[in-house]
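Colleague: Input file: target25.txt. Contents: compact mmCIF, C-alpha atoms.
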```txt
# COMPACT_ATOMS: atom_id res chain seq x y z
CA MET A 1 -15.60 -21.35 8.14
CA THR A 2 -19.27 -20.39 8.58
CA GLU A 3 -22.07 -19.95 6.04
CA LYS A 4 -21.55 -16.19 6.36
CA ASP A 5 -17.83 -16.51 5.57
CA ILE A 6 -18.74 -18.42 2.42
CA LYS A 7 -21.33 -15.82 1.44
CA PHE A 8 -18.92 -12.91 1.89
CA MET A 9 -16.09 -14.64 0.03
CA LYS A 10 -18.43 -15.51 -2.82
CA ARG A 11 -19.26 -11.82 -3.08
CA ALA A 12 -15.52 -10.97 -3.19
CA ILE A 13 -15.05 -13.52 -6.00
CA GLU A 14 -18.09 -12.09 -7.81
CA LEU A 15 -16.50 -8.62 -7.60
CA ALA A 16 -13.26 -10.01 -9.04
CA GLN A 17 -15.25 -11.34 -11.98
CA GLU A 18 -17.16 -8.06 -12.37
CA GLY A 19 -14.00 -5.94 -12.36
CA MET A 20 -12.33 -8.22 -14.90
CA ASN A 21 -15.37 -8.30 -17.19
CA SER A 22 -15.66 -4.49 -17.17
CA ASN A 23 -11.92 -4.07 -17.89
CA SER A 24 -11.51 -2.16 -14.65
CA GLY A 25 -8.25 -3.93 -13.84
CA GLY A 26 -6.92 -7.31 -12.70
CA PRO A 27 -9.17 -10.17 -11.50
CA PHE A 28 -9.36 -9.25 -7.83
CA GLY A 29 -12.25 -8.38 -5.49
CA ALA A 30 -12.65 -7.64 -1.80
CA VAL A 31 -15.29 -6.77 0.78
CA VAL A 32 -15.08 -5.38 4.32
CA VAL A 33 -17.58 -6.74 6.84
CA LYS A 34 -18.59 -5.33 10.21
CA ASN A 35 -21.21 -6.80 12.54
CA GLY A 36 -22.16 -9.39 9.93
CA GLU A 37 -22.85 -6.82 7.19
CA ILE A 38 -20.81 -5.76 4.15
CA ILE A 39 -19.87 -2.11 4.68
CA ALA A 40 -17.62 -1.68 1.61
CA GLU A 41 -16.78 -3.45 -1.63
CA GLY A 42 -13.99 -3.06 -4.14
CA PHE A 43 -12.39 -4.50 -7.22
CA ASN A 44 -9.06 -3.76 -8.83
CA ARG A 45 -9.04 -0.48 -10.77
CA VAL A 46 -5.32 -0.06 -11.53
CA THR A 47 -5.42 0.14 -15.31
CA SER A 48 -8.76 1.92 -15.76
CA THR A 49 -7.96 4.73 -13.29
CA ASN A 50 -4.17 4.88 -13.75
CA ASP A 51 -3.71 4.25 -10.04
CA PRO A 52 -1.15 1.56 -9.17
CA THR A 53 -2.43 1.57 -5.57
CA ALA A 54 -6.06 0.78 -6.55
CA HIS A 55 -5.94 -2.89 -5.62
CA ALA A 56 -9.25 -4.43 -4.50
CA GLU A 57 -8.26 -4.45 -0.81
CA VAL A 58 -7.04 -0.83 -0.85
CA VAL A 59 -10.22 0.31 -2.62
CA ALA A 60 -12.44 -1.56 -0.13
CA ILE A 61 -10.43 -0.41 2.93
CA ARG A 62 -10.53 3.24 1.84
CA LYS A 63 -14.31 3.05 1.29
CA ALA A 64 -14.89 1.26 4.60
CA CYS A 65 -12.86 3.84 6.52
CA GLU A 66 -14.71 6.66 4.81
CA LYS A 67 -18.02 5.07 5.77
CA LEU A 68 -16.97 4.50 9.38
CA GLY A 69 -15.37 7.96 9.64
CA SER A 70 -12.28 6.30 11.07
CA PHE A 71 -8.78 5.41 9.91
CA GLN A 72 -9.10 2.09 11.73
CA LEU A 73 -11.20 -0.96 10.85
CA ASP A 74 -11.97 -2.01 14.43
CA ASP A 75 -13.78 -5.37 14.62
CA CYS A 76 -13.93 -5.62 10.84
CA ILE A 77 -13.13 -8.64 8.66
CA VAL A 78 -11.66 -8.35 5.16
CA TYR A 79 -12.61 -10.98 2.58
CA THR A 80 -10.39 -10.89 -0.49
CA SER A 81 -10.41 -13.15 -3.54
CA CYS A 82 -6.59 -13.40 -3.39
CA GLU A 83 -3.92 -13.34 -0.70
CA PRO A 84 -2.90 -9.68 -0.24
CA CYS A 85 0.25 -8.41 -1.98
CA PRO A 86 2.81 -6.64 0.26
CA MET A 87 1.21 -3.23 -0.40
CA CYS A 88 -2.25 -4.48 0.59
CA LEU A 89 -0.85 -6.40 3.53
CA GLY A 90 0.75 -3.16 4.72
CA ALA A 91 -2.56 -1.33 4.24
CA ILE A 92 -4.30 -4.06 6.26
CA TYR A 93 -1.82 -3.72 9.12
CA TRP A 94 -2.31 0.06 9.20
CA ALA A 95 -6.13 -0.36 9.14
CA ARG A 96 -6.03 -3.19 11.71
CA PRO A 97 -9.10 -5.33 10.95
CA LYS A 98 -9.47 -8.36 13.24
CA ALA A 99 -9.15 -10.98 10.49
CA VAL A 100 -8.57 -11.55 6.79
CA PHE A 101 -10.08 -14.35 4.70
CA TYR A 102 -8.47 -14.99 1.31
CA ALA A 103 -9.20 -17.46 -1.51
CA CYS A 104 -6.42 -17.73 -4.12
CA ASP A 105 -2.90 -17.40 -2.79
CA LYS A 106 0.29 -15.73 -4.04
CA ASN A 107 1.32 -18.86 -5.94
CA ASP A 108 -1.96 -18.78 -7.87
CA ALA A 109 -1.28 -15.06 -8.57
CA ALA A 110 2.24 -15.83 -9.83
CA LYS A 111 0.79 -18.38 -12.26
CA ILE A 112 -1.17 -15.60 -14.00
CA ASP A 113 1.87 -13.28 -13.99
CA PHE A 114 1.20 -11.02 -11.02
CA ASP A 115 4.40 -9.81 -9.33
CA ASP A 116 3.43 -10.38 -5.69
CA ALA A 117 6.01 -13.09 -5.05
CA PHE A 118 8.76 -10.96 -6.61
CA ILE A 119 7.84 -8.00 -4.36
CA TYR A 120 7.80 -10.24 -1.27
CA GLU A 121 11.35 -11.32 -2.18
CA GLU A 122 12.50 -7.73 -2.73
CA LEU A 123 11.18 -6.68 0.70
CA ASP A 124 13.30 -9.34 2.33
CA LYS A 125 16.47 -8.08 0.69
CA ASN A 126 18.91 -5.65 2.17
CA ILE A 127 17.84 -2.20 0.95
CA ASN A 128 21.06 -1.91 -1.12
CA ASP A 129 20.44 -5.20 -2.96
CA ARG A 130 17.01 -4.32 -4.34
CA SER A 131 16.20 -4.01 -8.04
CA ILE A 132 15.04 -0.41 -7.53
CA LYS A 133 17.91 1.79 -6.31
CA PHE A 134 17.45 3.15 -2.74
CA VAL A 135 19.70 5.99 -1.50
CA GLN A 136 19.66 7.61 1.93
CA ILE A 137 20.41 11.37 2.09
CA LEU A 138 19.74 14.27 4.52
CA GLN A 139 18.80 11.98 7.42
CA LYS A 140 19.86 14.61 9.96
CA GLU A 141 17.71 17.34 8.38
CA ALA A 142 14.62 15.11 8.30
CA THR A 143 15.11 13.93 11.88
CA VAL A 144 14.44 17.50 13.05
CA VAL A 145 10.81 17.13 11.91
CA PHE A 146 10.50 13.75 13.67
CA LYS A 147 11.73 15.33 16.91
CA GLU A 148 9.11 18.07 16.60
CA TRP A 149 6.44 15.40 16.11
CA ASP A 150 7.68 13.62 19.21
CA SER A 151 7.19 16.71 21.37
CA LYS A 152 4.06 17.98 19.59
CA VAL A 153 0.98 18.25 21.82
CA ASN A 154 -2.57 17.38 20.73
CA LYS A 155 -1.42 15.24 17.82
CA THR A 156 -3.60 12.39 16.50
CA GLU A 157 -1.54 9.21 16.68
CA TYR A 158 -2.22 6.17 14.50
CA MET B 1 24.04 12.94 -4.42
CA THR B 2 23.65 16.01 -6.63
CA GLU B 3 22.46 19.54 -5.85
CA LYS B 4 19.11 18.59 -7.42
CA ASP B 5 18.79 15.55 -5.14
CA ILE B 6 19.34 17.83 -2.16
CA LYS B 7 16.78 20.34 -3.45
CA PHE B 8 14.10 17.68 -4.01
CA MET B 9 14.70 16.04 -0.65
CA LYS B 10 14.53 19.40 1.10
CA ARG B 11 11.13 19.89 -0.50
CA ALA B 12 10.00 16.47 0.75
CA ILE B 13 11.14 17.41 4.27
CA GLU B 14 9.35 20.78 3.96
CA LEU B 15 6.16 18.91 3.02
CA ALA B 16 6.57 16.67 6.07
CA GLN B 17 6.75 19.80 8.23
CA GLU B 18 3.78 21.38 6.45
CA GLY B 19 1.60 18.29 6.86
CA MET B 20 2.49 18.02 10.53
CA ASN B 21 1.89 21.72 11.21
CA SER B 22 -1.54 21.61 9.54
CA ASN B 23 -2.53 18.46 11.48
CA SER B 24 -3.00 16.59 8.23
CA GLY B 25 -1.33 13.45 9.59
CA GLY B 26 2.09 12.12 10.56
CA PRO B 27 5.37 13.96 9.81
CA PHE B 28 6.03 12.55 6.35
CA GLY B 29 6.43 14.17 2.92
CA ALA B 30 7.30 12.97 -0.58
CA VAL B 31 7.77 14.26 -4.12
CA VAL B 32 7.92 12.50 -7.49
CA VAL B 33 10.40 13.88 -10.02
CA LYS B 34 10.56 13.30 -13.78
CA ASN B 35 13.07 14.90 -16.15
CA GLY B 36 14.44 17.07 -13.35
CA GLU B 37 11.05 18.54 -12.41
CA ILE B 38 8.69 17.82 -9.52
CA ILE B 39 5.50 16.40 -11.03
CA ALA B 40 3.68 15.56 -7.79
CA GLU B 41 3.91 16.26 -4.07
CA GLY B 42 2.28 14.71 -1.04
CA PHE B 43 2.22 14.62 2.71
CA ASN B 44 0.62 12.18 5.08
CA ARG B 45 -3.16 12.61 5.37
CA VAL B 46 -4.16 9.51 7.34
CA THR B 47 -5.87 11.11 10.31
CA SER B 48 -7.39 14.16 8.59
CA THR B 49 -9.01 12.17 5.76
CA ASN B 50 -9.66 8.88 7.60
CA ASP B 51 -7.62 7.03 5.03
CA PRO B 52 -5.02 4.59 6.44
CA THR B 53 -3.47 4.33 2.95
CA ALA B 54 -2.85 8.09 2.60
CA HIS B 55 0.86 7.96 3.38
CA ALA B 56 3.00 10.65 1.73
CA GLU B 57 4.42 8.29 -0.89
CA VAL B 58 1.01 6.83 -1.82
CA VAL B 59 -0.47 10.34 -2.10
CA ALA B 60 2.43 11.53 -4.31
CA ILE B 61 2.46 8.35 -6.45
CA ARG B 62 -1.30 8.55 -7.08
CA LYS B 63 -1.03 12.22 -8.08
CA ALA B 64 1.99 11.60 -10.32
CA CYS B 65 0.25 8.72 -12.12
CA GLU B 66 -2.87 10.82 -12.58
CA LYS B 67 -0.75 13.60 -14.08
CA LEU B 68 1.14 11.23 -16.38
CA GLY B 69 -2.03 9.35 -17.35
CA SER B 70 -0.19 6.11 -16.60
CA PHE B 71 -0.16 3.47 -13.88
CA GLN B 72 3.64 3.34 -14.16
CA LEU B 73 6.23 5.91 -13.06
CA ASP B 74 8.70 5.25 -15.87
CA ASP B 75 11.99 7.15 -15.42
CA CYS B 76 10.70 8.84 -12.28
CA ILE B 77 12.48 9.28 -8.94
CA VAL B 78 10.67 9.31 -5.59
CA TYR B 79 12.10 11.49 -2.80
CA THR B 80 10.60 10.69 0.59
CA SER B 81 11.41 12.16 3.99
CA CYS B 82 11.35 8.65 5.51
CA GLU B 83 12.17 5.12 4.36
CA PRO B 84 8.94 3.66 2.93
CA CYS B 85 6.83 1.38 5.13
CA PRO B 86 5.90 -2.03 3.61
CA MET B 87 2.68 -0.63 2.14
CA CYS B 88 4.51 2.24 0.42
CA LEU B 89 7.33 -0.04 -0.67
CA GLY B 90 4.74 -2.29 -2.29
CA ALA B 91 3.15 0.75 -3.98
CA ILE B 92 6.61 1.78 -5.23
CA TYR B 93 7.24 -1.67 -6.72
CA TRP B 94 3.89 -1.61 -8.51
CA ALA B 95 4.55 1.93 -9.84
CA ARG B 96 8.17 1.07 -10.77
CA PRO B 97 10.08 4.37 -10.53
CA LYS B 98 13.78 4.06 -11.33
CA ALA B 99 15.04 5.14 -7.89
CA VAL B 100 13.99 6.15 -4.38
CA PHE B 101 15.82 8.63 -2.16
CA TYR B 102 14.89 8.60 1.54
CA ALA B 103 16.05 10.64 4.55
CA CYS B 104 14.99 9.20 7.93
CA ASP B 105 14.94 5.41 8.13
CA LYS B 106 12.65 2.85 9.76
CA ASN B 107 14.64 2.98 13.01
CA ASP B 108 14.05 6.73 13.24
CA ALA B 109 10.34 6.05 12.58
CA ALA B 110 10.23 3.42 15.33
CA LYS B 111 11.67 5.96 17.79
CA ILE B 112 8.62 8.20 17.30
CA ASP B 113 6.25 5.21 17.58
CA PHE B 114 5.44 4.39 13.95
CA ASP B 115 4.77 0.70 13.37
CA ASP B 116 6.85 0.15 10.23
CA ALA B 117 9.36 -2.21 11.86
CA PHE B 118 6.54 -4.28 13.37
CA ILE B 119 4.84 -4.62 9.97
CA TYR B 120 8.13 -5.63 8.33
CA GLU B 121 8.43 -8.38 10.96
CA GLU B 122 4.85 -9.54 10.41
CA LEU B 123 5.41 -9.83 6.64
CA ASP B 124 8.31 -12.17 7.26
CA LYS B 125 6.20 -14.49 9.39
CA ASN B 126 4.41 -17.55 8.17
CA ILE B 127 0.87 -16.41 7.35
CA ASN B 128 -0.50 -18.53 10.23
CA ASP B 129 1.76 -16.91 12.81
CA ARG B 130 0.72 -13.32 12.21
CA SER B 131 -1.00 -11.12 14.79
CA ILE B 132 -3.95 -10.62 12.43
CA LYS B 133 -5.72 -13.91 11.71
CA PHE B 134 -5.46 -15.07 8.05
CA VAL B 135 -7.72 -17.88 6.81
CA GLN B 136 -7.81 -19.40 3.32
CA ILE B 137 -11.23 -20.50 1.98
CA LEU B 138 -12.81 -21.15 -1.45
CA GLN B 139 -9.48 -21.25 -3.29
CA LYS B 140 -10.94 -23.49 -5.99
CA GLU B 141 -13.88 -21.17 -6.69
CA ALA B 142 -11.61 -18.10 -6.97
CA THR B 143 -9.14 -19.86 -9.24
CA VAL B 144 -11.86 -20.06 -11.89
CA VAL B 145 -11.68 -16.26 -12.29
CA PHE B 146 -7.86 -16.38 -12.50
CA LYS B 147 -8.09 -18.95 -15.29
CA GLU B 148 -10.50 -16.71 -17.20
CA TRP B 149 -8.02 -13.82 -16.81
CA ASP B 150 -5.26 -16.02 -18.15
CA SER B 151 -7.17 -16.75 -21.34
CA LYS B 152 -8.76 -13.30 -21.67
CA VAL B 153 -7.86 -11.42 -24.85
CA ASN B 154 -7.21 -7.66 -25.06
CA LYS B 155 -6.52 -7.34 -21.34
CA THR B 156 -4.29 -4.57 -20.00
CA GLU B 157 -1.47 -6.21 -18.03
CA TYR B 158 0.45 -4.43 -15.28
```
Please lay out the structure from this file as structure tokens.
Modeller:
Amino acid sequence: MTEKDIKFMKRAIELAQEGMNSNSGGPFGAVVVKNGEIIAEGFNRVTSTNDPTAHAEVVAIRKACEKLGSFQLDDCIVYTSCEPCPMCLGAIYWARPKAVFYACDKNDAAKIDFDDAFIYEELDKNINDRSIKFVQILQKEATVVFKEWDSKVNKTEY
Amino acid sequence: MTEKDIKFMKRAIELAQEGMNSNSGGPFGAVVVKNGEIIAEGFNRVTSTNDPTAHAEVVAIRKACEKLGSFQLDDCIVYTSCEPCPMCLGAIYWARPKAVFYACDKNDAAKIDFDDAFIYEELDKNINDRSIKFVQILQKEATVVFKEWDSKVNKTEY
């Protein structure tokens, strides 16, 4: 943990406070850093923008990618005021930064009634045992499109 | 599986084809249905918009919530041409539709080189064993904000 790590995490915590104070959403903030500079900031905006995906990390990742003109966060570090929920963790894996620093963890989040731990448990379950009903239909029809993708030329992979 | 389920899934598959053909992103489509009507549609836009979170389900969920003016998809059904990746599954749990229909599954996705299975494996790992480095710092400082949230009045919970 360097002085810079502390500085960037303090900014993420400050954003969490700012978002909460302005009734933007839950008490979560995040920044994306590249080459020792913050390139994007975000706080939770779920309830103020009616967007369940607008978690601090997703907001900051989307902004950072827009700024870099890339769908990948090469050599970037994400600082988030709380351990990412499964959605944000998925977003992080798709964006592929080199590291993630977090402050509070999912147990702290559970204590203030955020569902992260519940969602982690649901992900581990067999798809048929989940609390939301999942049903597979038309697999064969959809596979046709996957096969076309497989043989498509000049596609952008990610 | 009803005739309507088939109709909505066929539309999701059509969107997957449309997104692929227009080089918007990967071969994935989704629709959100409420009261027997499609209220939002989406296809993958990752590579064309430089947004790693723009999976078909996330695009459709964001649009549906915008249309409903709510951060919850009460009584909605999501039809997606492929089993949701961990990010989209997280988004689905936060949006809380009543059911999800999917066509291809994560094994089909793996066959055309999409990382879903890898991310599912990473989520199951201890946070210190993951391929992206995760480091916890300043937990105590961040917890202060969580405690303020806990005692905050007039907050919108989600």
Colleague: With 10 Å as the threshold, what does the neighbourhood of (-5.7, -16.5, 10.5) contain in terms of residues, counting all atoms listed in the file? Coordinates are those of the file; answer as a PDB file with C-alpha atoms, in the coordinates of the input.
Modeller:
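Output file selection-v1.pdb follows:
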```
ATOM      1  CA  LYS A  98      -9.470  -8.360  13.240  1.00  0.00           C
ATOM      2  CA  ALA A  99      -9.150 -10.980  10.490  1.00  0.00           C
ATOM      3  CA  VAL A 100      -8.570 -11.550   6.790  1.00  0.00           C
ATOM      4  CA  PHE A 101     -10.080 -14.350   4.700  1.00  0.00           C
ATOM      5  CA  TYR A 102      -8.470 -14.990   1.310  1.00  0.00           C
TER       6      TYR A 102
ATOM      7  CA  ILE B 127       0.870 -16.410   7.350  1.00  0.00           C
ATOM      8  CA  ASN B 128      -0.500 -18.530  10.230  1.00  0.00           C
ATOM      9  CA  ASP B 129       1.760 -16.910  12.810  1.00  0.00           C
ATOM     10  CA  ARG B 130       0.720 -13.320  12.210  1.00  0.00           C
ATOM     11  CA  SER B 131      -1.000 -11.120  14.790  1.00  0.00           C
ATOM     12  CA  ILE B 132      -3.950 -10.620  12.430  1.00  0.00           C
ATOM     13  CA  LYS B 133      -5.720 -13.910  11.710  1.00  0.00           C
ATOM     14  CA  PHE B 134      -5.460 -15.070   8.050  1.00  0.00           C
ATOM     15  CA  VAL B 135      -7.720 -17.880   6.810  1.00  0.00           C
ATOM     16  CA  GLN B 136      -7.810 -19.400   3.320  1.00  0.00           C
TER      17      GLN B 136
END
```
Colleague: Counting only C-alpha atoms, which residues from chain B have an atom at most 7 Å from any atom of chain A, and could you show them as a VMD selection string?
Modeller: chain B and resid 13 17 27 46 to 47 50 to 53 62 65 to 66 69 to 71 81 86 to 91 93 to 95 98 to 104 112 119 132 to 139 142 to 143 145 to 146 149 to 150 156
Colleague: If I take atom CA of A:Asn35 and atom CA of A:Phe8, how far is one from the other in Å, to one decimal?
Modeller: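 For atom CA of A:Asn35 relative to atom CA of A:Phe8, the distance reads 12.5 Å.
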Colleague: Quick one: 4 Å padding each side, axis-aligned, all listed atoms of stretch 23-41 of chain A - centre and edge lengths in Å to one decimal, as lines of an AutoDock Vina configuration file?
Modeller:
```
center_x = -14.9
center_y = -5.9
center_z = -2.7
size_x = 23.9
size_y = 16.5
size_z = 38.4
```
Colleague: Just give me the gap between atom CA of B:Asp75 and atom CA of A:Ala110 in Å, one decimal is fine.
Modeller: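 The value is 25.6 Å.
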Colleague: Just how far from atom CA of A:Thr2 is atom CA of A:Glu37, in Å to one decimal?
Modeller: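 Interatomic distance, atom CA of A:Glu37 to atom CA of A:Thr2: 14.1 Å.
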Colleague: Just so I have it separately, write stretch 105-140 of chain B from the block I sent, keeping N, CA and C atoms, as a short mmCIF file (atom, residue, chain, number, x, y, z; two decimals), in the first residue's frame.
Modeller:
```cif
data_model
loop_
_atom_site.label_atom_id
_atom_site.label_comp_id
_atom_site.auth_asym_id
_atom_site.auth_seq_id
_atom_site.Cartn_x
_atom_site.Cartn_y
_atom_site.Cartn_z
N ASP B 105 -26.51 -21.81 -23.70
CA ASP B 105 -26.02 -21.75 -22.32
C ASP B 105 -24.53 -21.43 -22.28
N LYS B 106 -23.97 -21.39 -21.07
CA LYS B 106 -22.58 -20.93 -20.94
C LYS B 106 -21.58 -21.87 -21.64
N ASN B 107 -21.96 -23.14 -21.80
CA ASN B 107 -21.08 -24.05 -22.53
C ASN B 107 -21.05 -23.71 -24.02
N ASP B 108 -22.22 -23.36 -24.56
CA ASP B 108 -22.27 -22.91 -25.95
C ASP B 108 -21.43 -21.64 -26.11
N ALA B 109 -21.51 -20.73 -25.13
CA ALA B 109 -20.74 -19.48 -25.18
C ALA B 109 -19.24 -19.77 -25.15
N ALA B 110 -18.84 -20.71 -24.30
CA ALA B 110 -17.42 -21.07 -24.20
C ALA B 110 -16.89 -21.59 -25.53
N LYS B 111 -17.75 -22.34 -26.25
CA LYS B 111 -17.32 -22.90 -27.54
C LYS B 111 -16.98 -21.83 -28.57
N ILE B 112 -17.60 -20.65 -28.45
CA ILE B 112 -17.25 -19.57 -29.39
C ILE B 112 -16.39 -18.50 -28.67
N ASP B 113 -15.67 -18.96 -27.63
CA ASP B 113 -14.62 -18.17 -26.99
C ASP B 113 -15.09 -16.99 -26.14
N PHE B 114 -16.27 -17.10 -25.53
CA PHE B 114 -16.66 -16.07 -24.57
C PHE B 114 -16.36 -16.57 -23.15
N ASP B 115 -15.82 -15.64 -22.35
CA ASP B 115 -15.18 -15.94 -21.08
C ASP B 115 -16.09 -16.29 -19.91
N ASP B 116 -17.38 -16.38 -20.12
CA ASP B 116 -18.33 -16.54 -19.02
C ASP B 116 -17.91 -17.61 -18.01
N ALA B 117 -17.54 -18.79 -18.52
CA ALA B 117 -17.22 -19.91 -17.63
C ALA B 117 -16.01 -19.54 -16.76
N PHE B 118 -15.01 -18.90 -17.37
CA PHE B 118 -13.83 -18.47 -16.64
C PHE B 118 -14.20 -17.50 -15.51
N ILE B 119 -15.10 -16.55 -15.81
CA ILE B 119 -15.49 -15.57 -14.78
C ILE B 119 -16.27 -16.27 -13.66
N TYR B 120 -17.16 -17.21 -14.02
CA TYR B 120 -17.86 -17.98 -12.99
C TYR B 120 -16.85 -18.67 -12.06
N GLU B 121 -15.80 -19.23 -12.64
CA GLU B 121 -14.77 -19.90 -11.82
C GLU B 121 -14.04 -18.91 -10.91
N GLU B 122 -13.72 -17.75 -11.46
CA GLU B 122 -13.01 -16.73 -10.67
C GLU B 122 -13.84 -16.26 -9.47
N LEU B 123 -15.15 -16.11 -9.68
CA LEU B 123 -16.04 -15.66 -8.60
C LEU B 123 -16.04 -16.65 -7.44
N ASP B 124 -15.87 -17.91 -7.76
CA ASP B 124 -15.89 -18.94 -6.73
C ASP B 124 -14.60 -19.00 -5.93
N LYS B 125 -13.56 -18.37 -6.47
CA LYS B 125 -12.26 -18.45 -5.78
C LYS B 125 -12.20 -17.51 -4.60
N ASN B 126 -11.34 -17.85 -3.66
CA ASN B 126 -11.01 -16.93 -2.59
C ASN B 126 -10.47 -15.66 -3.25
N ILE B 127 -10.84 -14.51 -2.69
CA ILE B 127 -10.48 -13.24 -3.33
C ILE B 127 -8.97 -13.09 -3.55
N ASN B 128 -8.16 -13.77 -2.74
CA ASN B 128 -6.71 -13.67 -2.90
C ASN B 128 -6.13 -14.62 -3.95
N ASP B 129 -6.98 -15.49 -4.47
CA ASP B 129 -6.49 -16.47 -5.46
C ASP B 129 -6.92 -16.11 -6.88
N ARG B 130 -7.52 -14.94 -7.04
CA ARG B 130 -8.03 -14.59 -8.37
C ARG B 130 -6.94 -14.10 -9.30
N SER B 131 -7.22 -14.15 -10.62
CA SER B 131 -6.21 -13.75 -11.60
C SER B 131 -6.02 -12.23 -11.63
N ILE B 132 -7.04 -11.48 -11.21
CA ILE B 132 -6.86 -10.04 -11.03
C ILE B 132 -6.57 -9.82 -9.54
N LYS B 133 -5.54 -9.01 -9.26
CA LYS B 133 -5.15 -8.81 -7.86
C LYS B 133 -6.17 -7.95 -7.10
N PHE B 134 -6.64 -8.43 -5.95
CA PHE B 134 -7.57 -7.69 -5.09
C PHE B 134 -6.89 -7.39 -3.76
N VAL B 135 -6.90 -6.12 -3.35
CA VAL B 135 -6.23 -5.71 -2.11
C VAL B 135 -7.18 -4.86 -1.26
N GLN B 136 -7.32 -5.22 0.00
CA GLN B 136 -8.20 -4.43 0.88
C GLN B 136 -7.39 -3.41 1.66
N ILE B 137 -7.79 -2.13 1.58
CA ILE B 137 -7.14 -1.06 2.36
C ILE B 137 -8.21 -0.10 2.90
N LEU B 138 -7.90 0.62 3.94
CA LEU B 138 -8.75 1.69 4.50
C LEU B 138 -10.19 1.24 4.83
N GLN B 139 -10.33 0.00 5.26
CA GLN B 139 -11.68 -0.49 5.60
C GLN B 139 -12.34 0.39 6.67
N LYS B 140 -11.55 0.75 7.68
CA LYS B 140 -12.09 1.52 8.80
C LYS B 140 -12.63 2.88 8.33
#
```
